[in-house]
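query-v6.pdb follows (PDB, C-alpha atoms, pLDDT in the B column):
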ATOM      1  CA  MET A   1     -52.995 -42.503-175.769  1.00 85.00           C
ATOM      2  CA  THR A   2     -53.292 -43.069-179.508  1.00 90.00           C
ATOM      3  CA  SER A   3     -53.189 -46.497-181.108  1.00 91.00           C
ATOM      4  CA  SER A   4     -49.687 -45.870-182.499  1.00 93.00           C
ATOM      5  CA  GLN A   5     -48.476 -44.858-179.025  1.00 93.00           C
ATOM      6  CA  ARG A   6     -50.006 -48.026-177.558  1.00 94.00           C
ATOM      7  CA  GLN A   7     -48.331 -50.114-180.282  1.00 94.00           C
ATOM      8  CA  ALA A   8     -44.974 -48.454-179.536  1.00 94.00           C
ATOM      9  CA  ALA A   9     -45.433 -49.194-175.813  1.00 94.00           C
ATOM     10  CA  PHE A  10     -46.184 -52.818-176.691  1.00 94.00           C
ATOM     11  CA  GLU A  11     -43.028 -53.076-178.816  1.00 94.00           C
ATOM     12  CA  ARG A  12     -40.945 -51.691-175.935  1.00 94.00           C
ATOM     13  CA  LEU A  13     -42.534 -54.234-173.578  1.00 94.00           C
ATOM     14  CA  LEU A  14     -41.839 -57.080-176.012  1.00 94.00           C
ATOM     15  CA  THR A  15     -38.206 -56.038-176.421  1.00 94.00           C
ATOM     16  CA  ALA A  16     -37.688 -55.692-172.664  1.00 94.00           C
ATOM     17  CA  LEU A  17     -39.178 -59.146-172.017  1.00 94.00           C
ATOM     18  CA  ALA A  18     -37.082 -60.677-174.806  1.00 94.00           C
ATOM     19  CA  ARG A  19     -33.856 -59.143-173.521  1.00 94.00           C
ATOM     20  CA  ARG A  20     -34.644 -60.344-169.992  1.00 94.00           C
ATOM     21  CA  ARG A  21     -35.407 -63.880-171.255  1.00 93.00           C
ATOM     22  CA  ALA A  22     -32.115 -64.026-173.183  1.00 92.00           C
ATOM     23  CA  LEU A  23     -30.215 -62.727-170.160  1.00 92.00           C
ATOM     24  CA  ARG A  24     -31.769 -65.355-167.875  1.00 92.00           C
ATOM     25  CA  LEU A  25     -30.705 -68.062-170.326  1.00 90.00           C
ATOM     26  CA  LYS A  26     -27.179 -66.560-170.481  1.00 90.00           C
ATOM     27  CA  MET A  27     -27.596 -65.917-174.192  1.00 91.00           C
ATOM     28  CA  GLY A  28     -27.211 -62.871-176.384  1.00 91.00           C
ATOM     29  CA  TYR A  29     -30.328 -61.062-177.595  1.00 91.00           C
ATOM     30  CA  ALA A  30     -30.638 -60.873-181.385  1.00 89.00           C
ATOM     31  CA  GLY A  31     -34.308 -59.877-181.772  1.00 91.00           C
ATOM     32  CA  THR A  32     -37.853 -61.134-181.533  1.00 91.00           C
ATOM     33  CA  ILE A  33     -39.996 -63.229-183.836  1.00 90.00           C
ATOM     34  CA  ARG A  34     -43.781 -62.998-183.943  1.00 89.00           C
ATOM     35  CA  ARG A  35     -45.844 -65.882-185.325  1.00 88.00           C
ATOM     36  CA  LEU A  36     -49.385 -64.871-186.066  1.00 85.00           C
ATOM     37  CA  ALA A  37     -52.080 -67.445-185.553  1.00 83.00           C
ATOM     38  CA  PRO A  38     -54.027 -68.538-188.628  1.00 84.00           C
ATOM     39  CA  PRO A  39     -57.472 -67.008-189.038  1.00 88.00           C
ATOM     40  CA  PRO A  40     -60.105 -68.985-187.133  1.00 88.00           C
ATOM     41  CA  LEU A  41     -62.760 -70.986-188.893  1.00 89.00           C
ATOM     42  CA  PRO A  42     -66.354 -69.764-188.488  1.00 91.00           C
ATOM     43  CA  GLY A  43     -67.505 -70.368-184.930  1.00 90.00           C
ATOM     44  CA  GLU A  44     -63.998 -70.999-183.567  1.00 91.00           C
ATOM     45  CA  LYS A  45     -62.135 -68.849-181.087  1.00 87.00           C
ATOM     46  CA  ALA A  46     -59.071 -67.074-182.455  1.00 83.00           C
ATOM     47  CA  ALA A  47     -55.730 -68.543-181.361  1.00 84.00           C
ATOM     48  CA  SER A  48     -53.141 -66.329-179.720  1.00 84.00           C
ATOM     49  CA  THR A  49     -50.022 -64.930-181.336  1.00 86.00           C
ATOM     50  CA  LEU A  50     -46.807 -66.697-180.365  1.00 89.00           C
ATOM     51  CA  TYR A  51     -43.619 -64.771-179.609  1.00 91.00           C
ATOM     52  CA  PHE A  52     -40.048 -66.033-179.586  1.00 93.00           C
ATOM     53  CA  VAL A  53     -36.665 -64.603-178.674  1.00 93.00           C
ATOM     54  CA  ASN A  54     -34.035 -64.881-181.370  1.00 92.00           C
ATOM     55  CA  ALA A  55     -31.006 -65.534-179.160  1.00 91.00           C
ATOM     56  CA  THR A  56     -27.388 -66.470-179.646  1.00 90.00           C
ATOM     57  CA  PRO A  57     -25.640 -68.960-177.353  1.00 87.00           C
ATOM     58  CA  ALA A  58     -22.468 -67.738-175.659  1.00 77.00           C
ATOM     59  CA  ARG A  59     -20.229 -70.446-177.182  1.00 78.00           C
ATOM     60  CA  SER A  60     -21.723 -70.651-180.672  1.00 73.00           C
ATOM     61  CA  GLY A  61     -22.657 -67.815-182.979  1.00 71.00           C
ATOM     62  CA  ALA A  62     -25.665 -69.623-184.460  1.00 81.00           C
ATOM     63  CA  ALA A  63     -28.878 -67.874-183.427  1.00 83.00           C
ATOM     64  CA  ARG A  64     -31.870 -69.947-182.361  1.00 87.00           C
ATOM     65  CA  LEU A  65     -35.449 -69.320-181.336  1.00 91.00           C
ATOM     66  CA  VAL A  66     -36.364 -69.563-177.652  1.00 92.00           C
ATOM     67  CA  SER A  67     -39.943 -69.390-176.444  1.00 91.00           C
ATOM     68  CA  PHE A  68     -41.096 -67.095-173.653  1.00 93.00           C
ATOM     69  CA  ASP A  69     -42.104 -68.517-170.287  1.00 90.00           C
ATOM     70  CA  ARG A  70     -45.818 -68.770-169.419  1.00 91.00           C
ATOM     71  CA  ALA A  71     -45.893 -65.603-167.316  1.00 91.00           C
ATOM     72  CA  SER A  72     -44.323 -63.515-170.085  1.00 92.00           C
ATOM     73  CA  SER A  73     -46.610 -65.044-172.716  1.00 91.00           C
ATOM     74  CA  ALA A  74     -49.648 -64.214-170.572  1.00 91.00           C
ATOM     75  CA  LEU A  75     -48.398 -60.648-170.093  1.00 92.00           C
ATOM     76  CA  LEU A  76     -47.933 -60.251-173.854  1.00 93.00           C
ATOM     77  CA  SER A  77     -51.431 -61.582-174.475  1.00 90.00           C
ATOM     78  CA  ARG A  78     -52.910 -59.040-172.041  1.00 91.00           C
ATOM     79  CA  ALA A  79     -50.794 -56.308-173.621  1.00 93.00           C
ATOM     80  CA  GLU A  80     -52.112 -57.202-177.098  1.00 91.00           C
ATOM     81  CA  LYS A  81     -55.659 -56.749-175.823  1.00 91.00           C
ATOM     82  CA  TRP A  82     -54.667 -53.431-174.253  1.00 94.00           C
ATOM     83  CA  VAL A  83     -53.250 -52.221-177.591  1.00 94.00           C
ATOM     84  CA  GLU A  84     -56.556 -53.035-179.287  1.00 91.00           C
ATOM     85  CA  SER A  85     -58.866 -51.555-176.628  1.00 91.00           C
ATOM     86  CA  GLY A  86     -56.760 -48.916-174.892  1.00 90.00           C
ATOM     87  CA  GLU A  87     -58.513 -49.758-171.644  1.00 89.00           C
ATOM     88  CA  GLY A  88     -56.659 -50.135-168.375  1.00 87.00           C
ATOM     89  CA  PRO A  89     -53.109 -49.311-167.337  1.00 87.00           C
ATOM     90  CA  VAL A  90     -50.066 -49.521-169.570  1.00 87.00           C
ATOM     91  CA  PRO A  91     -48.557 -53.037-169.272  1.00 89.00           C
ATOM     92  CA  VAL A  92     -45.099 -53.012-167.685  1.00 88.00           C
ATOM     93  CA  VAL A  93     -42.368 -55.598-167.223  1.00 85.00           C
ATOM     94  CA  PRO A  94     -42.578 -57.040-163.689  1.00 81.00           C
ATOM     95  CA  ARG A  95     -39.449 -56.748-161.593  1.00 79.00           C
TER
END
Translate the structure of the given file into structure tokens.
Amino acid sequence: MTSSQRQAAFERLLTALARRRALRLKMGYAGTIRRLAPPPLPGEKAASTLYFVNATPARSGAARLVSFDRASSALLSRAEKWVESGEGPVPVVPR
């Protein structure tokens, strides 16, 4: 699999997780937001990227950001490493 194919698989995973998170919260899915961590200082470990669901409440049209749960965040972190290395199986959304 090429790096662009791995990146596309990651984007599909991110979208599927975001839609599922919005559905569980009984909200509408409007998109995803990615917040990149600042570059680490020399000798420090790099922080992880944070992902949020841009969701709309059922009663109000104002979109708001909702964070992923821990399991989904951990899956996205593993998937990011897979995109970079290409090693291991393709990450999938658990049922």
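In this structure, CA of Glu80 (chain A) sits 15.2 Å away from CA of Phe52 (chain A).
Residues selected in this file by the PyMOL selection byres ((chain A and resi 60-75) around 9) comprise Leu17, Ala18, Arg21, Ala22, Gly28, Ala30, Thr32, Ile33, Leu50, Tyr51, Phe52, Val53, Asn54, Ala55, Thr56, Pro57, Ala58, Arg59, Leu76, Ser77, Arg78, Ala79, Glu80, Pro91, Val92 and Val93 of chain A.
From CA of Pro39 (chain A) back to CA of Met1 (chain A), the distance works out to 28.2 Å.
Between CA of Trp82 (chain A) and CA of Pro94 (chain A) there is a distance of 16.5 Å.
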Using the file's own x, y and z axes, so that the box edges lie along x, y and z, what centre and edge lengths in Å (one decimal) does a box around every listed atom of region 64-82 of chain A get when 8 Å is added on each side? Give it as AutoDock Vina command-line options.
--center_x -43.8 --center_y -61.7 --center_z -174.8 --size_x 39.8 --size_y 32.5 --size_z 31.0
### Message
So that I can see what lies close to Lys81 (chain A), please list as a PyMOL selection string the residues with an atom at most 12 Å from it, counting all atoms listed in the file and leaving out residues fewer than 4 positions away in the same chain.
### Response
chain A and resi 3+6-7+10+48-49+74-77+85-91
Generate the coordinates of N, CA, C and O atoms for region 51-77 of chain A; report them as a short mmCIF file (atom, residue, chain, number, x, y, z; two decimals), in the frame of the given file.
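Contents of rebuild_32.cif, as written:
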data_model
loop_
_atom_site.label_atom_id
_atom_site.label_comp_id
_atom_site.auth_asym_id
_atom_site.auth_seq_id
_atom_site.Cartn_x
_atom_site.Cartn_y
_atom_site.Cartn_z
N TYR A 51 -44.82 -65.60 -179.54
CA TYR A 51 -43.62 -64.77 -179.61
C TYR A 51 -42.42 -65.60 -179.22
O TYR A 51 -42.49 -66.44 -178.32
N PHE A 52 -41.29 -65.33 -179.86
CA PHE A 52 -40.05 -66.03 -179.59
C PHE A 52 -38.91 -65.03 -179.51
O PHE A 52 -38.94 -63.99 -180.17
N VAL A 53 -37.89 -65.38 -178.73
CA VAL A 53 -36.66 -64.60 -178.67
C VAL A 53 -35.69 -65.23 -179.65
O VAL A 53 -35.48 -66.44 -179.64
N ASN A 54 -35.10 -64.42 -180.49
CA ASN A 54 -34.03 -64.88 -181.37
C ASN A 54 -32.74 -64.62 -180.61
O ASN A 54 -32.33 -63.47 -180.45
N ALA A 55 -32.14 -65.68 -180.06
CA ALA A 55 -31.01 -65.53 -179.16
C ALA A 55 -29.80 -66.28 -179.69
O ALA A 55 -29.93 -67.24 -180.43
N THR A 56 -28.63 -65.83 -179.24
CA THR A 56 -27.39 -66.47 -179.65
C THR A 56 -26.71 -67.07 -178.42
O THR A 56 -26.51 -66.38 -177.42
N PRO A 57 -26.36 -68.34 -178.47
CA PRO A 57 -25.64 -68.96 -177.35
C PRO A 57 -24.26 -68.33 -177.17
O PRO A 57 -23.67 -67.82 -178.13
N ALA A 58 -23.76 -68.36 -175.96
CA ALA A 58 -22.47 -67.74 -175.66
C ALA A 58 -21.31 -68.40 -176.41
O ALA A 58 -20.40 -67.74 -176.87
N ARG A 59 -21.35 -69.73 -176.57
CA ARG A 59 -20.23 -70.45 -177.18
C ARG A 59 -20.33 -70.54 -178.70
O ARG A 59 -19.34 -70.70 -179.38
N SER A 60 -21.53 -70.49 -179.23
CA SER A 60 -21.72 -70.65 -180.67
C SER A 60 -22.43 -69.42 -181.22
O SER A 60 -23.31 -68.88 -180.59
N GLY A 61 -22.06 -69.00 -182.39
CA GLY A 61 -22.66 -67.82 -182.98
C GLY A 61 -23.97 -68.06 -183.69
O GLY A 61 -24.59 -67.14 -184.18
N ALA A 62 -24.43 -69.30 -183.75
CA ALA A 62 -25.66 -69.62 -184.46
C ALA A 62 -26.88 -69.22 -183.62
O ALA A 62 -27.07 -69.73 -182.52
N ALA A 63 -27.68 -68.31 -184.15
CA ALA A 63 -28.88 -67.87 -183.43
C ALA A 63 -29.94 -68.97 -183.45
O ALA A 63 -29.99 -69.79 -184.36
N ARG A 64 -30.77 -68.99 -182.40
CA ARG A 64 -31.87 -69.95 -182.36
C ARG A 64 -33.06 -69.30 -181.67
O ARG A 64 -32.92 -68.32 -180.95
N LEU A 65 -34.23 -69.86 -181.92
CA LEU A 65 -35.45 -69.32 -181.34
C LEU A 65 -35.71 -69.96 -179.97
O LEU A 65 -35.61 -71.17 -179.82
N VAL A 66 -36.06 -69.12 -179.01
CA VAL A 66 -36.36 -69.56 -177.65
C VAL A 66 -37.74 -69.01 -177.30
O VAL A 66 -38.01 -67.82 -177.51
N SER A 67 -38.60 -69.86 -176.79
CA SER A 67 -39.94 -69.39 -176.44
C SER A 67 -39.93 -68.64 -175.12
O SER A 67 -39.02 -68.81 -174.29
N PHE A 68 -40.93 -67.81 -174.91
CA PHE A 68 -41.10 -67.10 -173.65
C PHE A 68 -41.67 -68.05 -172.61
O PHE A 68 -42.29 -69.05 -172.95
N ASP A 69 -41.48 -67.72 -171.34
CA ASP A 69 -42.10 -68.52 -170.29
C ASP A 69 -43.59 -68.18 -170.23
O ASP A 69 -44.07 -67.26 -170.89
N ARG A 70 -44.35 -68.95 -169.46
CA ARG A 70 -45.82 -68.77 -169.42
C ARG A 70 -46.23 -67.40 -168.92
O ARG A 70 -47.15 -66.79 -169.44
N ALA A 71 -45.54 -66.90 -167.88
CA ALA A 71 -45.89 -65.60 -167.32
C ALA A 71 -45.69 -64.49 -168.35
O ALA A 71 -46.54 -63.61 -168.50
N SER A 72 -44.59 -64.53 -169.07
CA SER A 72 -44.32 -63.52 -170.08
C SER A 72 -45.30 -63.62 -171.24
O SER A 72 -45.77 -62.61 -171.77
N SER A 73 -45.63 -64.85 -171.64
CA SER A 73 -46.61 -65.04 -172.72
C SER A 73 -47.98 -64.50 -172.31
O SER A 73 -48.66 -63.87 -173.11
N ALA A 74 -48.37 -64.73 -171.06
CA ALA A 74 -49.65 -64.21 -170.57
C ALA A 74 -49.64 -62.69 -170.54
O ALA A 74 -50.63 -62.05 -170.91
N LEU A 75 -48.52 -62.10 -170.11
CA LEU A 75 -48.40 -60.65 -170.09
C LEU A 75 -48.50 -60.09 -171.50
O LEU A 75 -49.18 -59.07 -171.73
N LEU A 76 -47.86 -60.72 -172.46
CA LEU A 76 -47.93 -60.25 -173.85
C LEU A 76 -49.35 -60.37 -174.40
O LEU A 76 -49.81 -59.50 -175.15
N SER A 77 -50.05 -61.41 -174.03
CA SER A 77 -51.43 -61.58 -174.48
C SER A 77 -52.31 -60.46 -173.93
O SER A 77 -53.13 -59.88 -174.65
#
